[in-house]
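K.L.:
Starting off with a structure, shown below.
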Amino acid sequence: DSLRVTFANRTSRTSGLSFSEPDWVSCTLGVFLCQGCSLIHRSIPHISRLKSIQQDSWETEEFITSVGNAVANAKYEQSVPPFYYRPTHSDCRVLREQWVRAKYERQEFMYIEKQEPYSAGYREGFLWKRGRDNGQFLSRRFILSEREGALKYFNKQDAREPKAVMRIETLNATFQPAKIGNPCGLQITYLKDNSTRNIFVYHEDSKEMVDWFNAIRAARFHYHQVAFPGASDTDLIPKLTRSFMKEGYMEKTGPKHTEGFKKRWFTMDDRRLMYFKDPLDAYARGEVFIGSKENSYKVLPGLPPSTQGYHWQHGITIVTPDRKFLFACETEAEQKDWIAAFQRVVNRPMHPQEYAVEAHFKHKP
């Protein structure tokens with residue numbers, strides 16, 4: 001136990017990922033690792049050789065006084081770009097593994113020239129994209145250009161005109177391996193006529209996919225530097241990409257509350273609650289804007305007493321200035337999770353630009 005305490009005192013975090021307590025040590029790198037990070041380090045044995053803090057034998061002075069995570073980070077994280085995504089223990093395997101490989105194997109944060117694939121402001125390549133109508137993944141050419149302020153893709157290799165132009169201003173990307181059914185699956189969203197469009201892509205090479213992800217973050221970072229010239233990096237980083245607050249199935253009914261409830265896939269993306277017939281649909285069947293409590297938005301457990309036509313018993317009512325939206329969850333746990341997600345949004349004051357989004361929703365046909 002004293003050895004564990006000694007090691008624990010030598011480290012503030014593992015290989016960039018948060019953890020509770022170190023169980024392993026990389027003897028070659030001199031870093032202390034949680035169980036999750038140790039599994040990734042085992043995949044690069046030519047770089048990282050592991051020993052257990054508890055179960056392996058140790059020389060008295062071996063790697064106790066001379067190294068530690070702070071020392072290693074000072075060496076291997078000298079020049080991490082502010083836009084580069086630092087994964088946490090809850091992120092998908094691809095993000096966590098590529099962070100470890102970028103840091104220790106490729107040493108990208110020690111040599112700035114190695115960051116060119118995602119920091120150059122231009123990226124071109126082929127990704128497997130899911131078809132909007134048939135669900136089949138086909139190879140498509142993608143071009144990301146900061147100069148043009150857009151990510152584009154082309155249906156044919158020699159096509160001159162892009163099939164879609166996604167403005168960097170509204171672009172978002174989030175890894176969705178389980179949803180897409182591929183460990184490198186990435187969901188890209190953008191606004192088209194102020195409605196959300198989903199694009200699902202992957203690449204067989206996990207480094208290639210993570211490089212695309214960080215290239216999008218870099219483009220967004222430089223866009224926001226121009227849009228908010230006085231903002232610090234700390235202010236801008238949360239704006240680059242975002243994970244969805246919650247996703248899952250609920251039942252819903254129409255605006256008159258007389259139609260039967262239908263099962264739909266819901267995605268909570270900031271203040272946009274979208275619902276889809278299928279989780280991989282390109283477009284939402286509908287979107288609901290959820291404002292703040294100061295603007296008369298409320299989230300209530302249960303449904304009005306007169307409600308009929310629902311099968312799932314755990315209801316949620318969202319009250320907006322214009323109408324009530326009625327949903328039903330399959331389990332009480334899901335109901336509580338959705339209410340907590342909605343409540344976080346409602347409790348947050350609206351930014352000035354969000355009032356324009358709200359006004360658009362009110363005037364949507």
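Every chain in the structure tokens takes a letter, A first, then B, and so on in the order presented; its residues are numbered from 1, and the ligands are numbered from 1 following the presented order.
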So which residues touch Ser26 in chain A within 10 Å, counting only C-alpha atoms, skipping near sequence neighbours fewer than 6 positions away, as a PyMOL selection string?

P.N.:
chain A and resi 32-33+38+41-42+45+47-52+63+68

K.L.:
Dump N, CA, C and O atoms for the selected residues as a tab-separated table (two decimals), in the first residue's frame?

P.N.:
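out_7.tsv written:
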chain	number	residue	atom	x	y	z
A	32	PHE	N	2.28	6.65	-14.96
A	32	PHE	CA	1.43	5.83	-14.12
A	32	PHE	C	0.04	5.77	-14.75
A	32	PHE	O	-0.50	6.78	-15.17
A	33	LEU	N	-0.53	4.56	-14.81
A	33	LEU	CA	-1.71	4.33	-15.63
A	33	LEU	C	-2.84	3.68	-14.85
A	33	LEU	O	-2.61	2.84	-13.97
A	38	SER	N	-3.96	1.26	-19.39
A	38	SER	CA	-2.99	0.18	-19.51
A	38	SER	C	-3.32	-0.73	-20.69
A	38	SER	O	-2.42	-1.24	-21.36
A	41	HIS	N	-1.92	0.97	-23.72
A	41	HIS	CA	-0.45	0.90	-23.75
A	41	HIS	C	0.04	-0.49	-24.13
A	41	HIS	O	1.11	-0.63	-24.73
A	42	ARG	N	-0.73	-1.52	-23.80
A	42	ARG	CA	-0.33	-2.89	-24.18
A	42	ARG	C	-0.33	-3.07	-25.69
A	42	ARG	O	0.34	-3.98	-26.21
A	45	PRO	N	3.61	-2.26	-27.43
A	45	PRO	CA	4.66	-2.81	-26.57
A	45	PRO	C	6.06	-2.34	-26.95
A	45	PRO	O	6.97	-2.35	-26.10
A	47	ILE	N	6.82	0.59	-27.50
A	47	ILE	CA	6.98	1.92	-26.89
A	47	ILE	C	6.81	1.84	-25.37
A	47	ILE	O	7.54	2.52	-24.62
A	48	SER	N	5.89	1.02	-24.92
A	48	SER	CA	5.51	1.04	-23.50
A	48	SER	C	5.52	-0.38	-22.92
A	48	SER	O	4.78	-1.24	-23.37
A	49	ARG	N	6.38	-0.60	-21.91
A	49	ARG	CA	6.44	-1.88	-21.21
A	49	ARG	C	5.87	-1.68	-19.80
A	49	ARG	O	6.32	-0.80	-19.08
A	50	LEU	N	4.87	-2.49	-19.44
A	50	LEU	CA	4.10	-2.25	-18.21
A	50	LEU	C	4.50	-3.18	-17.07
A	50	LEU	O	4.90	-4.33	-17.29
A	51	LYS	N	4.33	-2.64	-15.86
A	51	LYS	CA	4.45	-3.44	-14.65
A	51	LYS	C	3.31	-3.06	-13.71
A	51	LYS	O	2.87	-1.90	-13.69
A	52	SER	N	2.84	-4.06	-12.96
A	52	SER	CA	1.78	-3.81	-12.00
A	52	SER	C	2.36	-3.21	-10.73
A	52	SER	O	3.40	-3.66	-10.22
A	63	PHE	N	12.11	4.06	-10.73
A	63	PHE	CA	11.06	4.94	-11.23
A	63	PHE	C	10.21	5.55	-10.13
A	63	PHE	O	9.03	5.79	-10.32
A	68	GLY	N	7.56	10.52	-13.42
A	68	GLY	CA	6.17	10.68	-13.01
A	68	GLY	C	5.41	11.31	-14.15
A	68	GLY	O	6.00	11.74	-15.15

K.L.:
Enumerate, as an MDAnalysis selection string, the complete set of residues in range 187-357 of chain A that a backbone-based DSSP assignment places in strand (DSSP E).

P.N.:
chainID A and resid 187:192 195:202 246:252 262:269 272:276 286:289 298:301 314:319 324:329

K.L.:
Report, in Å to a single decimal, how far apart CA of Thr234 in chain A and CA of Arg271 in chain A are.

P.N.:
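Answer for the CA of Arg271 in chain A to CA of Thr234 in chain A separation: 21.9 Å.
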
K.L.:
For a quick check of understanding, using only C-alpha atoms, which of A:Arg123, A:Arg348, A:Lys362, A:Lys179 has the smallest distance to Glu294 in chain A?

P.N.:
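With only C-alpha atoms as the atom set, the closest residue is A:Arg348.
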
K.L.:
For the helix (DSSP H, G or I) assignment from backbone DSSP, which residues of range 241-342 of chain A qualify? Please present them as a list in words.

P.N.:
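DSSP-assigned helix (DSSP H, G or I) residues in range 241-342 of chain A: Lys293, Glu294, Asn295, Glu332, Ala333, Glu334, Gln335, Lys336, Asp337, Trp338, Ile339, Ala340, Ala341 and Phe342 of chain A.
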
K.L.:
May I have the selected residues written with N, CA and C atoms, as a PDB file, in the first residue's frame?

P.N.:
ATOM      1  N   LYS A 293     -35.935  28.826 -18.482  1.00  0.00           N
ATOM      2  CA  LYS A 293     -37.087  29.037 -17.593  1.00  0.00           C
ATOM      3  C   LYS A 293     -37.471  30.507 -17.525  1.00  0.00           C
ATOM      4  N   GLU A 294     -36.497  31.412 -17.725  1.00  0.00           N
ATOM      5  CA  GLU A 294     -36.811  32.845 -17.735  1.00  0.00           C
ATOM      6  C   GLU A 294     -37.729  33.207 -18.900  1.00  0.00           C
ATOM      7  N   ASN A 295     -37.747  32.334 -19.923  1.00  0.00           N
ATOM      8  CA  ASN A 295     -38.573  32.580 -21.099  1.00  0.00           C
ATOM      9  C   ASN A 295     -39.769  31.632 -21.156  1.00  0.00           C
ATOM     10  N   GLU A 332     -38.639   4.159 -15.871  1.00  0.00           N
ATOM     11  CA  GLU A 332     -38.532   5.314 -14.984  1.00  0.00           C
ATOM     12  C   GLU A 332     -37.128   5.906 -15.026  1.00  0.00           C
ATOM     13  N   ALA A 333     -36.116   5.042 -15.163  1.00  0.00           N
ATOM     14  CA  ALA A 333     -34.727   5.518 -15.227  1.00  0.00           C
ATOM     15  C   ALA A 333     -34.518   6.408 -16.453  1.00  0.00           C
ATOM     16  N   GLU A 334     -35.067   5.991 -17.612  1.00  0.00           N
ATOM     17  CA  GLU A 334     -34.970   6.809 -18.813  1.00  0.00           C
ATOM     18  C   GLU A 334     -35.705   8.133 -18.632  1.00  0.00           C
ATOM     19  N   GLN A 335     -36.855   8.086 -18.015  1.00  0.00           N
ATOM     20  CA  GLN A 335     -37.605   9.311 -17.752  1.00  0.00           C
ATOM     21  C   GLN A 335     -36.776  10.290 -16.920  1.00  0.00           C
ATOM     22  N   LYS A 336     -36.139   9.788 -15.875  1.00  0.00           N
ATOM     23  CA  LYS A 336     -35.331  10.660 -15.006  1.00  0.00           C
ATOM     24  C   LYS A 336     -34.141  11.232 -15.755  1.00  0.00           C
ATOM     25  N   ASP A 337     -33.508  10.403 -16.608  1.00  0.00           N
ATOM     26  CA  ASP A 337     -32.349  10.878 -17.369  1.00  0.00           C
ATOM     27  C   ASP A 337     -32.755  11.974 -18.352  1.00  0.00           C
ATOM     28  N   TRP A 338     -33.879  11.777 -19.049  1.00  0.00           N
ATOM     29  CA  TRP A 338     -34.337  12.784 -20.005  1.00  0.00           C
ATOM     30  C   TRP A 338     -34.731  14.075 -19.280  1.00  0.00           C
ATOM     31  N   ILE A 339     -35.436  13.949 -18.165  1.00  0.00           N
ATOM     32  CA  ILE A 339     -35.828  15.149 -17.420  1.00  0.00           C
ATOM     33  C   ILE A 339     -34.599  15.910 -16.948  1.00  0.00           C
ATOM     34  N   ALA A 340     -33.577  15.186 -16.478  1.00  0.00           N
ATOM     35  CA  ALA A 340     -32.342  15.849 -16.027  1.00  0.00           C
ATOM     36  C   ALA A 340     -31.671  16.578 -17.181  1.00  0.00           C
ATOM     37  N   ALA A 341     -31.654  15.965 -18.373  1.00  0.00           N
ATOM     38  CA  ALA A 341     -31.048  16.621 -19.543  1.00  0.00           C
ATOM     39  C   ALA A 341     -31.834  17.866 -19.931  1.00  0.00           C
ATOM     40  N   PHE A 342     -33.162  17.745 -19.980  1.00  0.00           N
ATOM     41  CA  PHE A 342     -33.989  18.908 -20.314  1.00  0.00           C
ATOM     42  C   PHE A 342     -33.825  20.011 -19.267  1.00  0.00           C
TER      43      PHE A 342
END

K.L.:
Determine, for each residue of range 242-325 of chain A having at least one atom at most 12 Å from an atom of range 129-137 of chain A, the closest pair of atoms and their separation in Å to one decimal, counting only C-alpha atoms; order by chain and ascending number, as CSV.

P.N.:
residue,atom,partner,partner_atom,distance
A:Asp278,CA,A:Gly135,CA,10.9
A:Pro279,CA,A:Gly135,CA,11.5
A:Leu280,CA,A:Gly135,CA,8.3
A:Asp281,CA,A:Arg132,CA,7.2
A:Ala282,CA,A:Arg132,CA,5.7
A:Tyr283,CA,A:Arg132,CA,8.8

K.L.:
Measuring atom to atom with only C-alpha atoms, identify which of A:Trp24, A:Tyr76, A:Phe175, A:Tyr275 is nearest to Gln107 in chain A.

P.N.:
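Among A:Trp24, A:Tyr76, A:Phe175, A:Tyr275, it is A:Tyr76 that comes nearest to Gln107 in chain A.
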
K.L.:
Hey, which of A:Ile168, A:Ala218, A:Leu186, A:Leu144 ends up closest to His203 in chain A? Count only C-alpha atoms.

P.N.:
A:Leu186

K.L.:
Using only C-alpha atoms for the distances, tell me which of A:Asp91, A:Glu330, A:Glu108, A:Asp270 is nearest to Ile290 in chain A.

P.N.:
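The answer is A:Asp270, which sits nearest to Ile290 in chain A.
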
K.L.:
Have a look at A:Ala215, A:Val201, A:Val80, A:Leu303 and name the one nearest to Gly181 in chain A; count only C-alpha atoms.

P.N.:
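Distance minimum relative to Gly181 in chain A lands on A:Val201.
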
K.L.:
Show me, as number ranges by chain, the residues that have an atom within 10 Å of Asp211 in chain A when counting only C-alpha atoms, minus same-chain residues fewer than 5 positions from it.

P.N.:
A: 84, 98, 115-119, 123, 206, 216-217

K.L.:
Calculated over only C-alpha atoms, which of the candidates A:Phe83, A:Asn347, A:Val165, A:Val71 has the smallest distance to Asp235 in chain A?

P.N.:
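Among the listed residues, A:Phe83 lies closest to Asp235 in chain A.
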